[in-house]
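Before any comments, here is the structure.
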Amino acid sequence: MNRVGRLARELGAVCTVVLFLALAAFAAQRLLFPGQRASLDVAQTLDDALGPIMREQIRATASVVEDREVTRAFQAIMGRLLPAIPAEDRARADGRKFTVEVLVVKSPEINAFTLPGRLICVNTGLIREMSSAEEMAGVLGHELSHVVHRDPVTLLARQIGIAALANVVTGGQGGAVLERIIQTMVNVHYGREAEDRADAFSVRLLARAGIPPDSFSAALARIRDSAQKEPDLLKYIDPHSPIDSRIQKAREQAGQEQVVPRPLPVDWKRIVRVLSPA
Amino acid sequence: MSFIDTSAGLRLPQPEEIPDRDKEDAMGAYLMMFASLAIGLPIPLFNLIASVIYFFVNRKNSVFAAFHSLQALLTHIPVVLLNAGMVGWLVGNLVVKDGFAPAFFWYLFFTILANLTYIIWSIVALVRARKGRFIYFPLIGRFCFGRYYGPNAEKRRRPRQWENKPPEGF
């Protein structure tokens, strides 16, 4: 057999092995993920699994306000916001039913956050800082964006993946620093994207719900004025964009929205009084 | 002793003629792929680095070990590329995208199967090398053999003669 013939035979052998492996891999993929047509949605799977655990955890570790007036006030705000969420966003958040639970947590910290399992936590410190139910609605609109886009679970899925990857790369030896660095980069990258999207979503949602859309920028301005200034260097690893630029963007967007405002049936001053320490 | 006799055709060293040390060195070349697994680094870039170092350390000690070291090194390359693609796609999924496409899983299984095939082949090769036998991987084996036992191998092994000269026109 001449040289070309031998080369062709060897090439044929390699190609046969590669083709066999490719077919075997295809069979394995079809066997293990039979119904998968689109991308596997890690966030949806995690959201469903973590929801009940998060509810139990937050009730076990934090002091939750169980006041009837406060509950009614938040029900009234959510009652206006939830129906205003566009259908495609609801479908993205939960194809079967769209439920969101709001927990008021006793904490002086000015903060609100969303946990996996469509759970929004609002600190009493933040409630006391807001001057109206409309401003609170702006903050809740922001958090609702995290719910409909499943930001907490998406970030969590990425953090789990990165931890696993760092462990694999370093063999579990000294991977903590590498993991920390990658986590911070991902938090900043994804966090800013999600926060900017949530700001825009909130302004749109307020307008759709018949609430003045500039309430959100007003809420942000209050948070800015009351929060402690962070060191300049920390702004580079903060998952939020600088608050001044967020306020500016929210004001500009609110100016473009058309809305016929309907006041929220909430006596906000009374709610603040209920939650103020005696 | 030279094993290449061009007048009487090619005569290769037979297993009993190869010193045990050379057999062990040749076997070690195929063990390099397990080196990173042993220290917990399954990304085969580390095996590749280990193989390159091993090749450069052993290539002058014995022709038999050099042949096996080069073959082990060259067979690492496609696996490294395949696995690097896997790691890149995985990181991309984690950092940039939200989910894992069906094609990702196909590639994942393909990579796993290719690695398994490669491990099996490496075990077969290292057992043969330990026994002082030759094994030729398709496409690569022929090239490695030609490099160390081919017509120009003897000339390539000879140390280059260096002659010191004065600067031009001196």
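Starting from 1 in every chain, residues are counted up; chains themselves are A, B, ... following the order of the structure tokens, and ligands are numbered from 1 as listed.
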
Extract, using only C-alpha atoms, all DNA, RNA and protein residues at most 10 Å from Val274 of chain A, discarding same-chain residues fewer than 5 positions from it, and format them as number ranges by chain.
-> A: 67, 69-70, 128, 268-269

Dump all heavy atoms for the selected residues as an mmCIF file, in the first residue's frame?
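Contents of part35.cif, as written:
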data_model
loop_
_atom_site.group_PDB
_atom_site.id
_atom_site.type_symbol
_atom_site.label_atom_id
_atom_site.label_comp_id
_atom_site.auth_asym_id
_atom_site.auth_seq_id
_atom_site.Cartn_x
_atom_site.Cartn_y
_atom_site.Cartn_z
ATOM 1 N N ASP A 67 -48.473 42.479 61.732
ATOM 2 C CA ASP A 67 -49.544 43.442 62.004
ATOM 3 C C ASP A 67 -50.572 43.457 60.862
ATOM 4 O O ASP A 67 -50.204 43.468 59.681
ATOM 5 C CB ASP A 67 -48.911 44.832 62.165
ATOM 6 C CG ASP A 67 -49.927 45.845 62.592
ATOM 7 O OD1 ASP A 67 -50.109 46.008 63.812
ATOM 8 O OD2 ASP A 67 -50.559 46.464 61.694
ATOM 9 N N GLU A 69 -52.733 45.790 59.918
ATOM 10 C CA GLU A 69 -52.770 47.033 59.113
ATOM 11 C C GLU A 69 -51.639 47.080 58.097
ATOM 12 O O GLU A 69 -51.837 47.470 56.940
ATOM 13 C CB GLU A 69 -52.661 48.248 60.043
ATOM 14 C CG GLU A 69 -53.987 48.714 60.577
ATOM 15 C CD GLU A 69 -53.836 49.987 61.365
ATOM 16 O OE1 GLU A 69 -53.824 51.066 60.747
ATOM 17 O OE2 GLU A 69 -53.693 49.880 62.600
ATOM 18 N N VAL A 70 -50.483 46.661 58.551
ATOM 19 C CA VAL A 70 -49.318 46.639 57.642
ATOM 20 C C VAL A 70 -49.563 45.647 56.509
ATOM 21 O O VAL A 70 -49.316 45.942 55.331
ATOM 22 C CB VAL A 70 -48.031 46.274 58.429
ATOM 23 C CG1 VAL A 70 -46.837 46.135 57.499
ATOM 24 C CG2 VAL A 70 -47.749 47.299 59.523
ATOM 25 N N ARG A 128 -39.957 53.077 57.126
ATOM 26 C CA ARG A 128 -39.985 54.342 57.867
ATOM 27 C C ARG A 128 -39.383 55.483 57.039
ATOM 28 O O ARG A 128 -39.722 56.647 57.206
ATOM 29 C CB ARG A 128 -39.217 54.197 59.190
ATOM 30 C CG ARG A 128 -40.014 53.420 60.241
ATOM 31 C CD ARG A 128 -39.461 53.678 61.626
ATOM 32 N NE ARG A 128 -38.119 53.162 61.783
ATOM 33 C CZ ARG A 128 -37.842 51.940 62.209
ATOM 34 N NH1 ARG A 128 -38.818 51.104 62.505
ATOM 35 N NH2 ARG A 128 -36.602 51.545 62.334
ATOM 36 N N TRP A 268 -50.361 55.982 54.757
ATOM 37 C CA TRP A 268 -48.945 55.612 54.945
ATOM 38 C C TRP A 268 -48.372 56.130 56.273
ATOM 39 O O TRP A 268 -47.600 55.432 56.934
ATOM 40 C CB TRP A 268 -48.120 56.116 53.759
ATOM 41 C CG TRP A 268 -46.732 55.544 53.775
ATOM 42 C CD1 TRP A 268 -45.568 56.182 54.031
ATOM 43 C CD2 TRP A 268 -46.383 54.166 53.531
ATOM 44 N NE1 TRP A 268 -44.510 55.307 53.959
ATOM 45 C CE2 TRP A 268 -44.988 54.057 53.655
ATOM 46 C CE3 TRP A 268 -47.123 53.013 53.222
ATOM 47 C CZ2 TRP A 268 -44.297 52.852 53.479
ATOM 48 C CZ3 TRP A 268 -46.434 51.812 53.049
ATOM 49 C CH2 TRP A 268 -45.045 51.749 53.183
ATOM 50 N N LYS A 269 -48.788 57.320 56.644
ATOM 51 C CA LYS A 269 -48.269 57.882 57.899
ATOM 52 C C LYS A 269 -48.626 56.973 59.081
ATOM 53 O O LYS A 269 -47.840 56.795 60.002
ATOM 54 C CB LYS A 269 -48.816 59.290 58.106
ATOM 55 C CG LYS A 269 -48.068 60.296 57.250
ATOM 56 C CD LYS A 269 -48.490 61.701 57.537
ATOM 57 C CE LYS A 269 -47.732 62.633 56.577
ATOM 58 N NZ LYS A 269 -48.512 63.746 56.169
#

Considering only C-alpha atoms, return as a ChimeraX atom specification whatever protein or nucleic-acid residues lie within 10 Å of Asp25 of chain B, sequence-local ones (same chain, fewer than 5 positions apart) excluded.
-> /B:20,30-31,54-55,58-59,61-62,64-66,68-69,129-130

Let me see the file: selected residues, N, CA, C and O atoms, as a PDB file, in the first residue's frame.
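Dumped to again29.pdb:
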ATOM      1  N   ASP B  20      15.640  -1.851  31.046  1.00  0.00           N
ATOM      2  CA  ASP B  20      14.441  -1.628  31.872  1.00  0.00           C
ATOM      3  C   ASP B  20      14.208  -0.149  32.138  1.00  0.00           C
ATOM      4  O   ASP B  20      13.069   0.319  32.202  1.00  0.00           O
ATOM      5  N   TYR B  30       3.175   8.063  29.174  1.00  0.00           N
ATOM      6  CA  TYR B  30       1.714   7.887  29.133  1.00  0.00           C
ATOM      7  C   TYR B  30       1.082   8.115  30.497  1.00  0.00           C
ATOM      8  O   TYR B  30      -0.131   8.288  30.604  1.00  0.00           O
ATOM      9  N   LEU B  31       1.916   8.059  31.531  1.00  0.00           N
ATOM     10  CA  LEU B  31       1.392   8.301  32.880  1.00  0.00           C
ATOM     11  C   LEU B  31       1.141   9.785  33.135  1.00  0.00           C
ATOM     12  O   LEU B  31       0.457  10.147  34.078  1.00  0.00           O
ATOM     13  N   TYR B  54       8.188  16.369  30.283  1.00  0.00           N
ATOM     14  CA  TYR B  54       8.663  14.988  30.268  1.00  0.00           C
ATOM     15  C   TYR B  54       9.387  14.678  28.953  1.00  0.00           C
ATOM     16  O   TYR B  54      10.436  14.031  28.944  1.00  0.00           O
ATOM     17  N   PHE B  55       8.820  15.156  27.869  1.00  0.00           N
ATOM     18  CA  PHE B  55       9.420  14.907  26.559  1.00  0.00           C
ATOM     19  C   PHE B  55      10.812  15.530  26.470  1.00  0.00           C
ATOM     20  O   PHE B  55      11.770  14.875  26.054  1.00  0.00           O
ATOM     21  N   ASN B  58      13.364  13.616  28.585  1.00  0.00           N
ATOM     22  CA  ASN B  58      13.693  12.235  28.198  1.00  0.00           C
ATOM     23  C   ASN B  58      14.173  12.041  26.764  1.00  0.00           C
ATOM     24  O   ASN B  58      14.664  10.979  26.439  1.00  0.00           O
ATOM     25  N   ARG B  59      14.001  13.045  25.935  1.00  0.00           N
ATOM     26  CA  ARG B  59      14.250  12.802  24.503  1.00  0.00           C
ATOM     27  C   ARG B  59      15.713  12.486  24.199  1.00  0.00           C
ATOM     28  O   ARG B  59      16.016  11.830  23.212  1.00  0.00           O
ATOM     29  N   ASN B  61      17.755  10.905  26.427  1.00  0.00           N
ATOM     30  CA  ASN B  61      18.208   9.747  27.214  1.00  0.00           C
ATOM     31  C   ASN B  61      18.091   8.442  26.444  1.00  0.00           C
ATOM     32  O   ASN B  61      18.984   7.599  26.504  1.00  0.00           O
ATOM     33  N   SER B  62      16.968   8.278  25.765  1.00  0.00           N
ATOM     34  CA  SER B  62      16.763   7.015  25.058  1.00  0.00           C
ATOM     35  C   SER B  62      15.827   7.234  23.885  1.00  0.00           C
ATOM     36  O   SER B  62      14.857   7.991  23.989  1.00  0.00           O
ATOM     37  N   PHE B  64      13.930   5.011  22.442  1.00  0.00           N
ATOM     38  CA  PHE B  64      12.656   4.328  22.702  1.00  0.00           C
ATOM     39  C   PHE B  64      11.736   5.217  23.558  1.00  0.00           C
ATOM     40  O   PHE B  64      10.555   5.403  23.254  1.00  0.00           O
ATOM     41  N   ALA B  65      12.297   5.803  24.625  1.00  0.00           N
ATOM     42  CA  ALA B  65      11.510   6.686  25.503  1.00  0.00           C
ATOM     43  C   ALA B  65      11.118   7.959  24.761  1.00  0.00           C
ATOM     44  O   ALA B  65      10.001   8.468  24.933  1.00  0.00           O
ATOM     45  N   ALA B  66      12.030   8.470  23.906  1.00  0.00           N
ATOM     46  CA  ALA B  66      11.725   9.699  23.161  1.00  0.00           C
ATOM     47  C   ALA B  66      10.548   9.482  22.216  1.00  0.00           C
ATOM     48  O   ALA B  66       9.668  10.333  22.098  1.00  0.00           O
ATOM     49  N   HIS B  68       8.069   7.272  22.497  1.00  0.00           N
ATOM     50  CA  HIS B  68       6.815   7.179  23.256  1.00  0.00           C
ATOM     51  C   HIS B  68       6.422   8.528  23.866  1.00  0.00           C
ATOM     52  O   HIS B  68       5.240   8.863  23.925  1.00  0.00           O
ATOM     53  N   SER B  69       7.444   9.302  24.311  1.00  0.00           N
ATOM     54  CA  SER B  69       7.145  10.620  24.912  1.00  0.00           C
ATOM     55  C   SER B  69       6.518  11.541  23.872  1.00  0.00           C
ATOM     56  O   SER B  69       5.554  12.255  24.167  1.00  0.00           O
ATOM     57  N   ALA B 129       4.502  -0.148  26.409  1.00  0.00           N
ATOM     58  CA  ALA B 129       5.811   0.513  26.550  1.00  0.00           C
ATOM     59  C   ALA B 129       6.607  -0.132  27.676  1.00  0.00           C
ATOM     60  O   ALA B 129       7.819  -0.333  27.557  1.00  0.00           O
ATOM     61  N   ARG B 130       5.932  -0.504  28.753  1.00  0.00           N
ATOM     62  CA  ARG B 130       6.622  -1.140  29.885  1.00  0.00           C
ATOM     63  C   ARG B 130       7.197  -2.492  29.487  1.00  0.00           C
ATOM     64  O   ARG B 130       8.208  -2.952  30.025  1.00  0.00           O
TER      65      ARG B 130
END

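In this structure, atom CA of Leu113 of chain B sits 10.8 Å away from atom CA of Val79 of chain B.
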
Between B:Ile135, B:Leu90, B:Ile119, B:Ala50, which one has atoms that come closest to chain A, using only C-alpha atoms?
-> B:Leu90

Could you check which of B:Lys60, B:Trp89, B:Ser122, B:Phe109 is closest to Leu73 of chain B, using only C-alpha atoms?
->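 Looking at the shortest contact to Leu73 of chain B, the residue is B:Ser122.
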
Just the alpha helix (DSSP H) stuff from chain B, please, per backbone DSSP, written as number ranges by chain.
-> B: 20-38, 45-58, 63-95, 102-130, 140-149, 153-157

Using only C-alpha atoms, determine which residues lie at most 7 Å from Ser107 of chain A, disregarding the query and same-chain residues fewer than 2 positions distant; provide the list as an MDAnalysis selection string.
-> chainID A and resid 105 109 123:125

Go ahead and write the selection's residues with N, CA and C atoms as a compact mmCIF listing (two decimals), in the first residue's frame.
# COMPACT_ATOMS: atom_id res chain seq x y z
N VAL A 105 -39.79 42.70 57.55
CA VAL A 105 -38.81 42.21 58.54
C VAL A 105 -38.41 43.35 59.47
N GLU A 109 -32.10 48.52 59.17
CA GLU A 109 -31.37 48.72 57.91
C GLU A 109 -32.32 49.15 56.79
N ASN A 123 -37.48 45.71 54.86
CA ASN A 123 -37.12 46.03 56.25
C ASN A 123 -37.96 47.20 56.75
N THR A 124 -38.23 47.19 58.06
CA THR A 124 -39.00 48.30 58.64
C THR A 124 -38.22 49.61 58.52
N GLY A 125 -36.89 49.53 58.51
CA GLY A 125 -36.05 50.72 58.33
C GLY A 125 -36.36 51.43 57.03

Neighbour list for segment 58-63 of chain A as a VMD selection string, cut-off 7 Å, only C-alpha atoms, skip fewer than 3 positions in-chain = chain A and resid 54 to 55 105 to 106

Could you check which of A:Ala157, A:Val147, A:Ala250, A:Val260 is closest to Leu82 of chain A, using only C-alpha atoms?
->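 Ranked by minimum distance to Leu82 of chain A, first place goes to A:Val147.
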